[in-house]
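Chemist: What follows is protein_1.pdb; its format and atoms are PDB, C-alpha atoms and all ligand atoms.
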```
ATOM      1  CA  MET D   1      28.470 224.198 128.929
ATOM      2  CA  SER D   2      30.228 221.797 126.632
ATOM      3  CA  ILE D   3      28.233 220.878 123.588
ATOM      4  CA  LYS D   4      28.462 217.363 122.292
ATOM      5  CA  GLU D   5      30.475 217.626 119.115
ATOM      6  CA  HIS D   6      29.221 216.265 115.858
ATOM      7  CA  PRO D   7      31.846 213.611 115.189
ATOM      8  CA  PRO D   8      33.583 213.065 111.887
ATOM      9  CA  GLN D   9      31.543 210.537 109.957
ATOM     10  CA  LEU D  10      32.962 207.086 110.433
ATOM     11  CA  GLU D  11      31.679 204.348 108.177
ATOM     12  CA  SER D  12      31.502 200.598 108.414
ATOM     13  CA  SER D  13      32.397 198.417 105.422
ATOM     14  CA  SER D  14      28.686 198.524 104.458
ATOM     15  CA  GLY D  15      28.907 202.329 104.259
ATOM     16  CA  GLU D  16      26.719 202.835 107.360
ATOM     17  CA  PRO D  17      27.813 205.345 110.022
ATOM     18  CA  VAL D  18      29.330 203.512 112.984
ATOM     19  CA  HIS D  19      29.479 204.411 116.641
ATOM     20  CA  VAL D  20      32.872 204.227 118.372
ATOM     21  CA  PRO D  21      32.259 203.652 122.106
ATOM     22  CA  VAL D  22      33.468 206.520 124.270
ATOM     23  CA  LEU D  23      35.895 206.090 127.163
ATOM     24  CA  LEU D  24      35.869 202.326 126.617
ATOM     25  CA  GLU D  25      39.067 201.627 128.578
ATOM     26  CA  SER D  26      37.917 203.766 131.506
ATOM     27  CA  VAL D  27      34.513 202.057 131.519
ATOM     28  CA  ILE D  28      36.221 198.663 131.697
ATOM     29  CA  ASP D  29      38.502 199.965 134.495
ATOM     30  CA  MET D  30      35.508 201.209 136.481
ATOM     31  CA  LEU D  31      33.201 198.229 135.973
ATOM     32  CA  GLN D  32      35.931 195.566 136.228
ATOM     33  CA  PRO D  33      33.984 192.875 134.351
ATOM     34  CA  GLN D  34      34.754 189.356 135.586
ATOM     35  CA  PRO D  35      33.773 186.019 134.047
ATOM     36  CA  GLY D  36      30.177 185.180 134.984
ATOM     37  CA  ASP D  37      29.141 188.759 135.852
ATOM     38  CA  GLN D  38      25.617 189.851 134.950
ATOM     39  CA  TYR D  39      25.606 193.041 132.872
ATOM     40  CA  LEU D  40      22.840 195.600 132.327
ATOM     41  CA  ASP D  41      23.383 198.174 129.575
ATOM     42  CA  LEU D  42      20.716 200.878 129.817
ATOM     43  CA  THR D  43      21.714 202.575 126.543
ATOM     44  CA  ALA D  44      23.075 199.729 124.453
ATOM     45  CA  GLY D  45      23.082 201.618 121.143
ATOM     46  CA  TYR D  46      25.202 199.707 118.657
ATOM     47  CA  GLY D  47      26.698 197.532 121.382
ATOM     48  CA  GLY D  48      30.233 198.939 121.363
ATOM     49  CA  HIS D  49      30.573 198.881 125.155
ATOM     50  CA  ALA D  50      28.362 195.814 125.491
ATOM     51  CA  ARG D  51      30.412 193.655 123.105
ATOM     52  CA  ALA D  52      33.670 194.552 124.897
ATOM     53  CA  ILE D  53      32.185 193.848 128.340
ATOM     54  CA  LEU D  54      30.350 190.652 127.365
ATOM     55  CA  ALA D  55      33.552 189.337 125.780
ATOM     56  CA  LYS D  56      35.037 189.530 129.299
ATOM     57  CA  THR D  57      32.081 188.246 131.334
ATOM     58  CA  THR D  58      30.972 185.690 128.695
ATOM     59  CA  ASN D  59      27.677 185.679 130.600
ATOM     60  CA  TYR D  60      25.490 186.517 127.616
ATOM     61  CA  SER D  61      22.342 184.818 128.845
ATOM     62  CA  GLU D  62      21.991 186.711 132.146
ATOM     63  CA  SER D  63      22.744 190.125 130.641
ATOM     64  CA  VAL D  64      20.233 192.680 129.390
ATOM     65  CA  LEU D  65      20.607 195.389 126.739
ATOM     66  CA  VAL D  66      18.138 198.292 126.685
ATOM     67  CA  ASP D  67      17.584 200.985 124.060
ATOM     68  CA  ARG D  68      14.521 202.900 122.952
ATOM     69  CA  ASP D  69      15.770 203.040 119.371
ATOM     70  CA  ALA D  70      14.650 199.984 117.387
ATOM     71  CA  PHE D  71      17.197 200.712 114.661
ATOM     72  CA  ALA D  72      20.037 200.519 117.205
ATOM     73  CA  LEU D  73      18.658 197.287 118.673
ATOM     74  CA  SER D  74      18.483 195.732 115.207
ATOM     75  CA  HIS D  75      22.300 195.851 115.247
ATOM     76  CA  LEU D  76      22.493 193.657 118.360
ATOM     77  CA  GLN D  77      21.175 190.448 116.844
ATOM     78  CA  ASP D  78      24.568 188.719 117.176
ATOM     79  CA  LEU D  79      24.326 189.225 120.952
ATOM     80  CA  GLU D  80      20.671 188.110 121.004
ATOM     81  CA  ARG D  81      21.744 184.925 119.226
ATOM     82  CA  GLN D  82      24.171 184.307 122.111
ATOM     83  CA  GLY D  83      21.244 184.519 124.529
ATOM     84  CA  THR D  84      21.361 188.181 125.590
ATOM     85  CA  ARG D  85      17.980 189.753 126.228
ATOM     86  CA  THR D  86      17.215 193.076 124.547
ATOM     87  CA  MET D  87      14.491 195.488 125.622
ATOM     88  CA  GLU D  88      13.104 198.206 123.347
ATOM     89  CA  ALA D  89      12.024 200.726 125.953
ATOM     90  CA  ASP D  90      13.084 203.898 127.677
ATOM     91  CA  PHE D  91      15.473 202.936 130.444
ATOM     92  CA  VAL D  92      13.154 203.954 133.276
ATOM     93  CA  SER D  93      10.346 201.666 132.045
ATOM     94  CA  ALA D  94      12.865 198.875 131.407
ATOM     95  CA  ALA D  95      14.402 199.301 134.886
ATOM     96  CA  ARG D  96      10.968 199.202 136.560
ATOM     97  CA  GLN D  97      10.136 196.010 134.687
ATOM     98  CA  LEU D  98      13.453 194.389 135.688
ATOM     99  CA  ILE D  99      12.884 195.405 139.330
ATOM    100  CA  ASP D 100       9.376 193.868 139.189
ATOM    101  CA  GLU D 101      10.961 190.678 137.852
ATOM    102  CA  GLY D 102      13.402 190.706 140.790
ATOM    103  CA  LYS D 103      16.464 190.953 138.537
ATOM    104  CA  THR D 104      19.778 192.345 139.806
ATOM    105  CA  PHE D 105      23.146 192.821 138.108
ATOM    106  CA  ASP D 106      26.874 193.038 138.836
ATOM    107  CA  MET D 107      27.416 195.948 136.457
ATOM    108  CA  ILE D 108      25.296 198.688 134.950
ATOM    109  CA  LEU D 109      26.291 201.177 132.249
ATOM    110  CA  ALA D 110      24.372 204.264 131.111
ATOM    111  CA  ASP D 111      26.065 206.033 128.187
ATOM    112  CA  LEU D 112      23.615 208.901 127.845
ATOM    113  CA  GLY D 113      22.504 210.989 124.901
ATOM    114  CA  VAL D 114      22.490 210.336 121.181
ATOM    115  CA  SER D 115      24.581 207.939 119.146
ATOM    116  CA  SER D 116      26.641 208.836 116.078
ATOM    117  CA  PRO D 117      24.322 206.887 113.755
ATOM    118  CA  GLN D 118      21.343 208.841 115.128
ATOM    119  CA  LEU D 119      23.178 212.089 114.341
ATOM    120  CA  ASP D 120      24.583 210.941 111.034
ATOM    121  CA  ARG D 121      21.454 209.546 109.415
ATOM    122  CA  GLN D 122      19.745 212.520 107.847
ATOM    123  CA  GLU D 123      16.278 210.955 107.946
ATOM    124  CA  ARG D 124      16.435 210.976 111.771
ATOM    125  CA  GLY D 125      16.460 214.782 111.716
ATOM    126  CA  PHE D 126      18.873 215.288 114.660
ATOM    127  CA  SER D 127      21.503 217.258 112.773
ATOM    128  CA  PHE D 128      21.393 220.835 111.555
ATOM    129  CA  ARG D 129      24.148 219.924 109.089
ATOM    130  CA  LEU D 130      22.119 217.324 107.207
ATOM    131  CA  ASP D 131      18.881 218.172 105.435
ATOM    132  CA  GLY D 132      16.174 215.970 106.914
ATOM    133  CA  PRO D 133      12.688 216.049 108.405
ATOM    134  CA  LEU D 134      12.421 217.789 111.792
ATOM    135  CA  ASP D 135      12.071 214.486 113.621
ATOM    136  CA  MET D 136      14.649 213.885 116.449
ATOM    137  CA  ARG D 137      12.703 211.011 118.019
ATOM    138  CA  MET D 138      14.952 208.430 119.643
ATOM    139  CA  ASP D 139      11.910 206.157 119.888
ATOM    140  CA  ARG D 140      10.127 206.289 116.570
ATOM    141  CA  ARG D 141       7.015 204.651 118.024
ATOM    142  CA  GLU D 142       6.241 207.971 119.703
ATOM    143  CA  GLU D 143       3.930 210.275 117.789
ATOM    144  CA  ARG D 144       5.342 213.661 118.665
ATOM    145  CA  THR D 145       8.332 214.937 116.643
ATOM    146  CA  ALA D 146      10.529 218.027 116.861
ATOM    147  CA  ALA D 147       8.316 219.619 114.180
ATOM    148  CA  ASP D 148       5.379 219.515 116.620
ATOM    149  CA  ILE D 149       7.411 221.480 119.170
ATOM    150  CA  VAL D 150       8.812 223.983 116.670
ATOM    151  CA  ASN D 151       5.475 224.553 114.947
ATOM    152  CA  GLY D 152       3.191 224.185 117.962
ATOM    153  CA  TYR D 153       4.794 225.657 121.102
ATOM    154  CA  THR D 154       4.049 229.236 122.100
ATOM    155  CA  GLU D 155       6.886 231.745 121.828
ATOM    156  CA  GLN D 156       7.168 231.762 125.614
ATOM    157  CA  ASN D 157       7.437 227.992 125.771
ATOM    158  CA  LEU D 158      10.118 227.978 123.055
ATOM    159  CA  VAL D 159      12.102 230.537 125.079
ATOM    160  CA  ARG D 160      11.833 228.227 128.102
ATOM    161  CA  VAL D 161      13.119 225.208 126.163
ATOM    162  CA  ILE D 162      15.958 227.068 124.458
ATOM    163  CA  THR D 163      17.192 228.689 127.680
ATOM    164  CA  ALA D 164      16.725 225.644 129.918
ATOM    165  CA  TYR D 165      18.025 222.896 127.631
ATOM    166  CA  GLY D 166      20.169 224.859 125.175
ATOM    167  CA  GLU D 167      21.535 227.129 127.916
ATOM    168  CA  GLU D 168      21.295 230.061 125.521
ATOM    169  CA  PRO D 169      21.210 233.480 127.205
ATOM    170  CA  ARG D 170      17.596 234.636 127.504
ATOM    171  CA  SER D 171      18.057 237.570 125.104
ATOM    172  CA  ARG D 172      19.287 235.206 122.402
ATOM    173  CA  ALA D 173      16.555 232.634 123.118
ATOM    174  CA  ILE D 174      13.921 235.361 122.687
ATOM    175  CA  LYS D 175      15.369 236.313 119.277
ATOM    176  CA  ILE D 176      15.363 232.672 118.190
ATOM    177  CA  ALA D 177      11.826 231.988 119.447
ATOM    178  CA  LYS D 178      10.476 235.143 117.740
ATOM    179  CA  ALA D 179      12.130 234.149 114.455
ATOM    180  CA  ILE D 180      10.704 230.621 114.730
ATOM    181  CA  VAL D 181       7.191 231.918 115.349
ATOM    182  CA  ALA D 182       7.478 234.426 112.480
ATOM    183  CA  ASN D 183       8.748 231.865 109.960
ATOM    184  CA  ARG D 184       6.871 228.669 110.826
ATOM    185  CA  PRO D 185       5.736 226.115 109.801
ATOM    186  CA  PHE D 186       9.081 224.369 109.397
ATOM    187  CA  THR D 187       9.447 220.915 107.921
ATOM    188  CA  THR D 188      13.214 220.433 107.624
ATOM    189  CA  THR D 189      16.296 220.693 109.809
ATOM    190  CA  THR D 190      18.140 223.007 107.438
ATOM    191  CA  GLU D 191      15.236 225.469 107.195
ATOM    192  CA  LEU D 192      15.226 225.741 110.972
ATOM    193  CA  ALA D 193      19.032 225.980 111.202
ATOM    194  CA  GLU D 194      19.048 228.801 108.660
ATOM    195  CA  THR D 195      16.329 230.738 110.526
ATOM    196  CA  VAL D 196      18.245 230.428 113.814
ATOM    197  CA  LYS D 197      21.426 231.583 112.087
ATOM    198  CA  GLN D 198      19.611 234.582 110.585
ATOM    199  CA  ALA D 199      18.122 235.414 113.992
ATOM    200  CA  ILE D 200      21.325 235.467 116.038
ATOM    201  CA  GLY D 201      24.101 235.651 113.443
ATOM    202  CA  ARG D 202      27.478 234.191 114.297
ATOM    203  CA  THR D 203      27.814 233.864 118.051
ATOM    204  CA  GLY D 204      31.585 234.089 118.275
ATOM    205  CA  SER D 205      31.688 230.405 119.174
ATOM    206  CA  LYS D 206      33.224 227.795 116.880
ATOM    207  CA  HIS D 207      29.887 225.968 116.924
ATOM    208  CA  HIS D 208      27.111 226.520 114.395
ATOM    209  CA  PRO D 209      24.650 229.117 115.802
ATOM    210  CA  ALA D 210      21.878 226.476 115.783
ATOM    211  CA  THR D 211      23.831 223.922 117.879
ATOM    212  CA  ARG D 212      22.251 224.822 121.209
ATOM    213  CA  THR D 213      18.735 225.236 119.796
ATOM    214  CA  PHE D 214      18.902 221.767 118.234
ATOM    215  CA  GLN D 215      20.222 220.288 121.477
ATOM    216  CA  SER D 216      17.392 221.912 123.415
ATOM    217  CA  LEU D 217      14.689 220.559 121.088
ATOM    218  CA  ARG D 218      16.178 217.071 121.265
ATOM    219  CA  ILE D 219      16.273 217.119 125.068
ATOM    220  CA  GLU D 220      12.706 218.455 125.341
ATOM    221  CA  LEU D 221      11.272 216.015 122.795
ATOM    222  CA  ASN D 222      12.949 212.937 124.245
ATOM    223  CA  ARG D 223      12.400 213.997 127.913
ATOM    224  CA  GLU D 224      16.088 213.296 128.384
ATOM    225  CA  LEU D 225      16.657 215.027 131.726
ATOM    226  CA  ASP D 226      13.460 213.688 133.323
ATOM    227  CA  LEU D 227      14.462 210.167 132.418
ATOM    228  CA  VAL D 228      18.007 210.641 133.755
ATOM    229  CA  ALA D 229      16.610 212.071 137.006
ATOM    230  CA  ASN D 230      14.247 209.100 137.319
ATOM    231  CA  ILE D 231      16.727 206.329 136.521
ATOM    232  CA  LEU D 232      19.328 207.360 139.125
ATOM    233  CA  PRO D 233      17.368 206.321 142.262
ATOM    234  CA  LEU D 234      16.533 202.978 140.616
ATOM    235  CA  LEU D 235      20.192 202.042 140.101
ATOM    236  CA  PRO D 236      20.891 200.726 143.649
ATOM    237  CA  LYS D 237      17.801 198.494 143.419
ATOM    238  CA  LEU D 238      19.207 196.862 140.285
ATOM    239  CA  LEU D 239      22.699 196.196 141.651
ATOM    240  CA  ASN D 240      24.008 193.226 143.584
ATOM    241  CA  LYS D 241      26.084 194.014 146.673
ATOM    242  CA  GLY D 242      29.531 195.060 145.401
ATOM    243  CA  GLY D 243      28.002 195.699 141.966
ATOM    244  CA  ARG D 244      29.233 198.690 139.976
ATOM    245  CA  VAL D 245      27.559 201.393 137.935
ATOM    246  CA  ALA D 246      29.090 203.800 135.425
ATOM    247  CA  VAL D 247      27.323 206.802 133.907
ATOM    248  CA  ILE D 248      28.680 208.771 130.946
ATOM    249  CA  SER D 249      27.168 212.201 130.373
ATOM    250  CA  PHE D 250      27.755 214.628 127.538
ATOM    251  CA  HIS D 251      26.630 218.006 128.765
ATOM    252  CA  SER D 252      26.529 219.854 132.027
ATOM    253  CA  LEU D 253      22.752 219.501 132.460
ATOM    254  CA  GLU D 254      23.034 215.708 132.567
ATOM    255  CA  ASP D 255      26.274 215.667 134.514
ATOM    256  CA  ARG D 256      24.808 217.966 137.170
ATOM    257  CA  LEU D 257      22.020 215.452 137.868
ATOM    258  CA  VAL D 258      24.465 212.541 138.093
ATOM    259  CA  LYS D 259      26.898 214.495 140.273
ATOM    260  CA  ARG D 260      24.122 215.604 142.645
ATOM    261  CA  PHE D 261      22.749 212.077 142.972
ATOM    262  CA  PHE D 262      26.164 210.646 143.839
ATOM    263  CA  LYS D 263      26.832 213.530 146.238
ATOM    264  CA  ASP D 264      23.475 212.946 147.984
ATOM    265  CA  GLN D 265      24.531 209.342 148.424
ATOM    266  CA  LEU D 266      27.787 210.492 149.995
ATOM    267  CA  ASP D 267      25.885 212.866 152.296
ATOM    268  CA  ALA D 268      23.527 210.063 153.348
ATOM    269  CA  GLY D 269      26.452 208.543 155.267
ATOM    270  CA  TYR D 270      25.701 205.099 156.680
ATOM    271  CA  GLU D 271      22.305 205.079 154.976
ATOM    272  CA  ALA D 272      23.885 205.457 151.541
ATOM    273  CA  GLU D 273      23.394 202.599 149.126
ATOM    274  CA  LEU D 274      26.207 203.597 146.783
ATOM    275  CA  GLU D 275      29.792 204.624 147.353
ATOM    276  CA  MET D 276      31.517 206.770 144.752
ATOM    277  CA  ILE D 277      34.493 205.273 142.926
ATOM    278  CA  THR D 278      35.333 208.455 141.003
ATOM    279  CA  LYS D 279      35.974 211.424 143.313
ATOM    280  CA  LYS D 280      36.215 213.591 140.202
ATOM    281  CA  PRO D 281      34.677 212.564 136.879
ATOM    282  CA  ILE D 282      36.893 210.952 134.279
ATOM    283  CA  ASP D 283      37.176 213.509 131.497
ATOM    284  CA  GLY D 284      36.950 212.165 127.946
ATOM    285  CA  SER D 285      38.979 215.052 126.531
ATOM    286  CA  ILE D 286      41.940 213.822 128.609
ATOM    287  CA  SER D 287      41.372 210.083 128.966
ATOM    288  CA  ASP D 288      40.214 209.227 125.432
ATOM    289  CA  VAL D 289      41.917 211.739 123.152
ATOM    290  CA  ASN D 290      41.679 209.622 120.018
ATOM    291  CA  ASN D 291      37.881 209.473 119.957
ATOM    292  CA  PRO D 292      36.342 212.822 118.955
ATOM    293  CA  ARG D 293      33.019 211.772 120.543
ATOM    294  CA  SER D 294      34.722 211.563 123.938
ATOM    295  CA  ARG D 295      35.670 215.238 123.913
ATOM    296  CA  SER D 296      32.707 216.348 126.015
ATOM    297  CA  ALA D 297      32.179 213.054 127.868
ATOM    298  CA  LYS D 298      32.337 212.731 131.662
ATOM    299  CA  LEU D 299      32.317 209.370 133.388
ATOM    300  CA  ARG D 300      31.223 208.868 137.000
ATOM    301  CA  ALA D 301      31.121 205.514 138.738
ATOM    302  CA  ALA D 302      29.916 204.048 142.026
ATOM    303  CA  VAL D 303      29.754 200.724 143.838
ATOM    304  CA  LYS D 304      26.819 199.245 145.785
ATOM    305  CA  LYS D 305      27.633 198.900 149.471
TER
HETATM  306  C1  LIG M 401      25.599 207.333 123.272
HETATM  307  S1  LIG M 401      24.571 206.091 122.618
HETATM  308  C2  LIG M 401      25.129 204.604 123.347
HETATM  309  C3  LIG M 401      26.171 203.904 122.547
HETATM  310  C4  LIG M 401      26.613 202.567 123.084
HETATM  311  N1  LIG M 401      27.192 202.666 124.411
HETATM  312  C5  LIG M 401      27.591 201.901 122.134
HETATM  313  O1  LIG M 401      28.738 201.659 122.531
HETATM  314  O2  LIG M 401      27.215 201.632 120.984
HETATM  315  C6  LIG M 401      23.108 206.366 123.514
HETATM  316  C7  LIG M 401      21.990 205.407 123.175
HETATM  317  O3  LIG M 401      21.079 205.497 124.248
HETATM  318  C8  LIG M 401      19.773 205.512 123.769
HETATM  319  N2  LIG M 401      19.013 206.234 124.770
HETATM  320  C9  LIG M 401      19.168 207.523 125.149
HETATM  321  N3  LIG M 401      18.320 207.825 126.143
HETATM  322  C10 LIG M 401      17.616 206.689 126.400
HETATM  323  C11 LIG M 401      16.598 206.369 127.338
HETATM  324  N4  LIG M 401      16.125 207.281 128.186
HETATM  325  N5  LIG M 401      16.119 205.111 127.362
HETATM  326  C12 LIG M 401      16.607 204.164 126.497
HETATM  327  N6  LIG M 401      17.562 204.423 125.574
HETATM  328  C13 LIG M 401      18.073 205.673 125.536
HETATM  329  C14 LIG M 401      19.846 206.171 122.417
HETATM  330  O4  LIG M 401      18.800 205.728 121.593
HETATM  331  C15 LIG M 401      21.224 205.725 121.911
HETATM  332  O5  LIG M 401      21.119 204.577 121.119
END
```
Using structure tokens, write down the structure that the file contains.
Modeler:
Amino acid sequence: MSIKEHPPQLESSSGEPVHVPVLLESVIDMLQPQPGDQYLDLTAGYGGHARAILAKTTNYSESVLVDRDAFALSHLQDLERQGTRTMEADFVSAARQLIDEGKTFDMILADLGVSSPQLDRQERGFSFRLDGPLDMRMDRREERTAADIVNGYTEQNLVRVITAYGEEPRSRAIKIAKAIVANRPFTTTTELAETVKQAIGRTGSKHHPATRTFQSLRIELNRELDLVANILPLLPKLLNKGGRVAVISFHSLEDRLVKRFFKDQLDAGYEAELEMITKKPIDGSISDVNNPRSRSAKLRAAVKK
């Protein structure tokens, strides 16, 4: 499994971490934005992809930007001022609402996972490198945080999360879960990272020993795979005929879901609603070498028949 790398910190002129959109040229190639096209961005983040695409379509008022992170959306006010609608919601709820409203689009992008500013702001608690509260909520309106999982789950349940979403071998997950249970309660990211490191030592990988545990907690807390599995079948309903969708995933668990969905479409033959554009995924480590965030990115795209 490729782990999403923590990128070098990039800063805007205001000193805030910025997010450089991954595989931007490939996304534009796949979606082929044309003047007047209606665009739906399911994970708008800081609007890197959205700004580049909307500059081509210039159809701001019939485009929609979704994110469940209010802090990210607060950076999209320039686009809102041009008439673009933003929705603070998980993308499945947003998609259901748009379907109920009868809305369809010419292009959809889902750039999954976390953004650099989420990782780089220590108060968000996503990073084992930065001392912060054990939070990891993408949507800070939700009550449950990573601390509730770490301090509240049974040892067995922690083993499940760490093996399923961190893809740690079971023997290592058991060591980590036992150490968590023996040393809790935890309040900060660095306390947890240190305990994981003590439990399993150096793993021989170039990654910090806590990388996979942190990834697993983030995925569990934010229900990331459930939401990806649930958004995929809604995509054809949101596309106009000939409309295009691109999905960027950052680890094999996500990519497997996307790949299987597109393959099922292929297998459905004449009943399929989508046709794959990418036979093989576009690999960020080859197609976007200058952006460290693209290293583990895979892009798959399809068109509505
Ligand atoms: C990789 S970033 C997207 C960056 C964006 N493409 C850009 O160029 O700035 C992923 C964003 O998706 C959001 N996100 C992740 N899963 C989500 C979900 N299920 N529903 C809504 N937003 C989600 C995160 O909050 C984050 O802001």
Chemist: Kindly indicate which residue among D:Phe261, D:Phe126, D:Tyr39, D:Phe91 lies nearest to ligand LIG 401 (chain M), using only C-alpha atoms and all ligand atoms for the distances.
Modeler: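 Between D:Phe261, D:Phe126, D:Tyr39, D:Phe91, the residue approaching ligand LIG 401 (chain M) most closely is D:Phe91.
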Chemist: Enumerate as a count of residues only the residues within 9 Å of ligand LIG 401 (chain M), counting all atoms listed in the file.
Modeler: 58
Chemist: Could you please give me, as a PyMOL selection string, the residues of protein, DNA or RNA lying at most 7 Å from (20.0, 193.5, 127.0) in the coordinate frame of the file, considering all atoms listed in the file?
Modeler: chain D and resi 40-41+63-66+84-87
Chemist: Can I get the selection written as a CSV table (one decimal), in the frame of the given file, with C-alpha atoms?
Modeler:
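Contents of the output file selection-v3.csv:
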```
chain,number,residue,atom,x,y,z
D,40,LEU,CA,22.8,195.6,132.3
D,41,ASP,CA,23.4,198.2,129.6
D,63,SER,CA,22.7,190.1,130.6
D,64,VAL,CA,20.2,192.7,129.4
D,65,LEU,CA,20.6,195.4,126.7
D,66,VAL,CA,18.1,198.3,126.7
D,84,THR,CA,21.4,188.2,125.6
D,85,ARG,CA,18.0,189.8,126.2
D,86,THR,CA,17.2,193.1,124.5
D,87,MET,CA,14.5,195.5,125.6
```
Chemist: Report the residues retrieved by the PyMOL selection byres (((chain D and resi 235-243) around 12) and not hetatm) from the displayed file, expressed as a PyMOL selection string.
Modeler: chain D and resi 30-34+37-42+64+91-92+94-110+228-234+244-247+258+261-262+265+272-277+301-305
Chemist: I'd like the interatomic distance between atom CA of Phe214 of chain D and atom CA of Asp283 of chain D, to a tenth of an Å.
Modeler: 24.0 Å
Chemist: Could you write out as a PyMOL selection string the residues that the PyMOL selection byres (((chain D and resi 191) around 12) and not hetatm) matches in the shown file?
Modeler: chain D and resi 125+127-134+147+150+179-180+183-190+192-198+210
Chemist: Interatomic distance between atom CA of Glu142 of chain D and atom CA of Ser216 of chain D?
Modeler: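 Interatomic distance, atom CA of Glu142 of chain D to atom CA of Ser216 of chain D: 18.2 Å.
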Chemist: Given the point (9.0, 239.4, 120.5) in the file's coordinates, find the residues that have an atom at most 12 Å from it, counting all atoms listed in the file, and give them as an MDAnalysis selection string.
Modeler: chainID D and resid 154:156 158:159 171:182 199
Chemist: Could you state the separation of atom CA of Arg121 of chain D and atom CA of Leu23 of chain D in Å, given to one decimal place?
Modeler: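 Calculated distance between atom CA of Arg121 of chain D and atom CA of Leu23 of chain D is 23.1 Å.
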Chemist: Taking all atoms listed in the file into account, which of D:Leu299, D:Val27, D:Val161, D:Leu217 comes nearest Glu254 of chain D?
Modeler: D:Leu299
Chemist: For Met136 of chain D, which of D:Arg160, D:Arg260, D:Lys298, D:Arg218 is the closest residue, counting only C-alpha atoms?
Modeler: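 Smallest distance to Met136 of chain D is found for D:Arg218.
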Chemist: Considering all atoms listed in the file, state which residue in the set D:Lys206, D:Arg300, D:Lys263, D:Arg293 is at the smallest distance from Leu119 of chain D.
Modeler: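 For Leu119 of chain D, the nearest of the candidates is D:Arg293.
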Chemist: Need the shell around segment 79-83 of chain D: protein/DNA/RNA residues with any atom at most 8 Å away, counting all atoms listed in the file. Skip same-chain ones fewer than 5 positions apart. Format as a ChimeraX atom specification?
Modeler: /D:51,60-62
Chemist: Taking the partial coordinates given, rebuild segment 77-81 of chain D to contain all heavy atoms; return it as a CSV table (one decimal), in the coordinates of the input.
Modeler:
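Full text of result-v7.csv as output:
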```
chain,number,residue,atom,x,y,z
D,77,GLN,N,21.7,191.8,117.0
D,77,GLN,CA,21.2,190.4,116.8
D,77,GLN,C,22.2,189.4,117.1
D,77,GLN,O,21.9,188.3,117.6
D,77,GLN,CB,20.6,190.3,115.4
D,77,GLN,CG,19.2,191.0,115.3
D,77,GLN,CD,18.8,191.1,113.9
D,77,GLN,OE1,19.4,190.6,113.0
D,77,GLN,NE2,17.6,191.8,113.7
D,78,ASP,N,23.5,189.7,116.9
D,78,ASP,CA,24.6,188.7,117.2
D,78,ASP,C,24.6,188.4,118.7
D,78,ASP,O,24.8,187.3,119.1
D,78,ASP,CB,25.9,189.2,116.7
D,78,ASP,CG,26.3,190.6,117.3
D,78,ASP,OD1,25.4,191.5,117.5
D,78,ASP,OD2,27.5,190.8,117.7
D,79,LEU,N,24.3,189.4,119.5
D,79,LEU,CA,24.3,189.2,121.0
D,79,LEU,C,23.0,188.5,121.4
D,79,LEU,O,23.1,187.6,122.3
D,79,LEU,CB,24.5,190.6,121.7
D,79,LEU,CG,25.8,191.3,121.4
D,79,LEU,CD1,25.8,192.7,122.0
D,79,LEU,CD2,27.0,190.5,121.9
D,80,GLU,N,21.9,188.8,120.7
D,80,GLU,CA,20.7,188.1,121.0
D,80,GLU,C,20.9,186.6,120.7
D,80,GLU,O,20.4,185.8,121.5
D,80,GLU,CB,19.5,188.7,120.2
D,80,GLU,CG,19.0,190.0,120.7
D,80,GLU,CD,17.9,190.6,119.7
D,80,GLU,OE1,17.8,190.1,118.6
D,80,GLU,OE2,17.3,191.5,120.2
D,81,ARG,N,21.5,186.3,119.6
D,81,ARG,CA,21.7,184.9,119.2
D,81,ARG,C,22.6,184.2,120.3
D,81,ARG,O,22.4,183.0,120.5
D,81,ARG,CB,22.4,184.8,117.9
D,81,ARG,CG,21.5,184.9,116.7
D,81,ARG,CD,22.1,184.5,115.4
D,81,ARG,NE,23.2,185.4,115.0
D,81,ARG,CZ,23.0,186.5,114.3
D,81,ARG,NH1,21.8,186.8,113.9
D,81,ARG,NH2,24.0,187.2,113.9
```
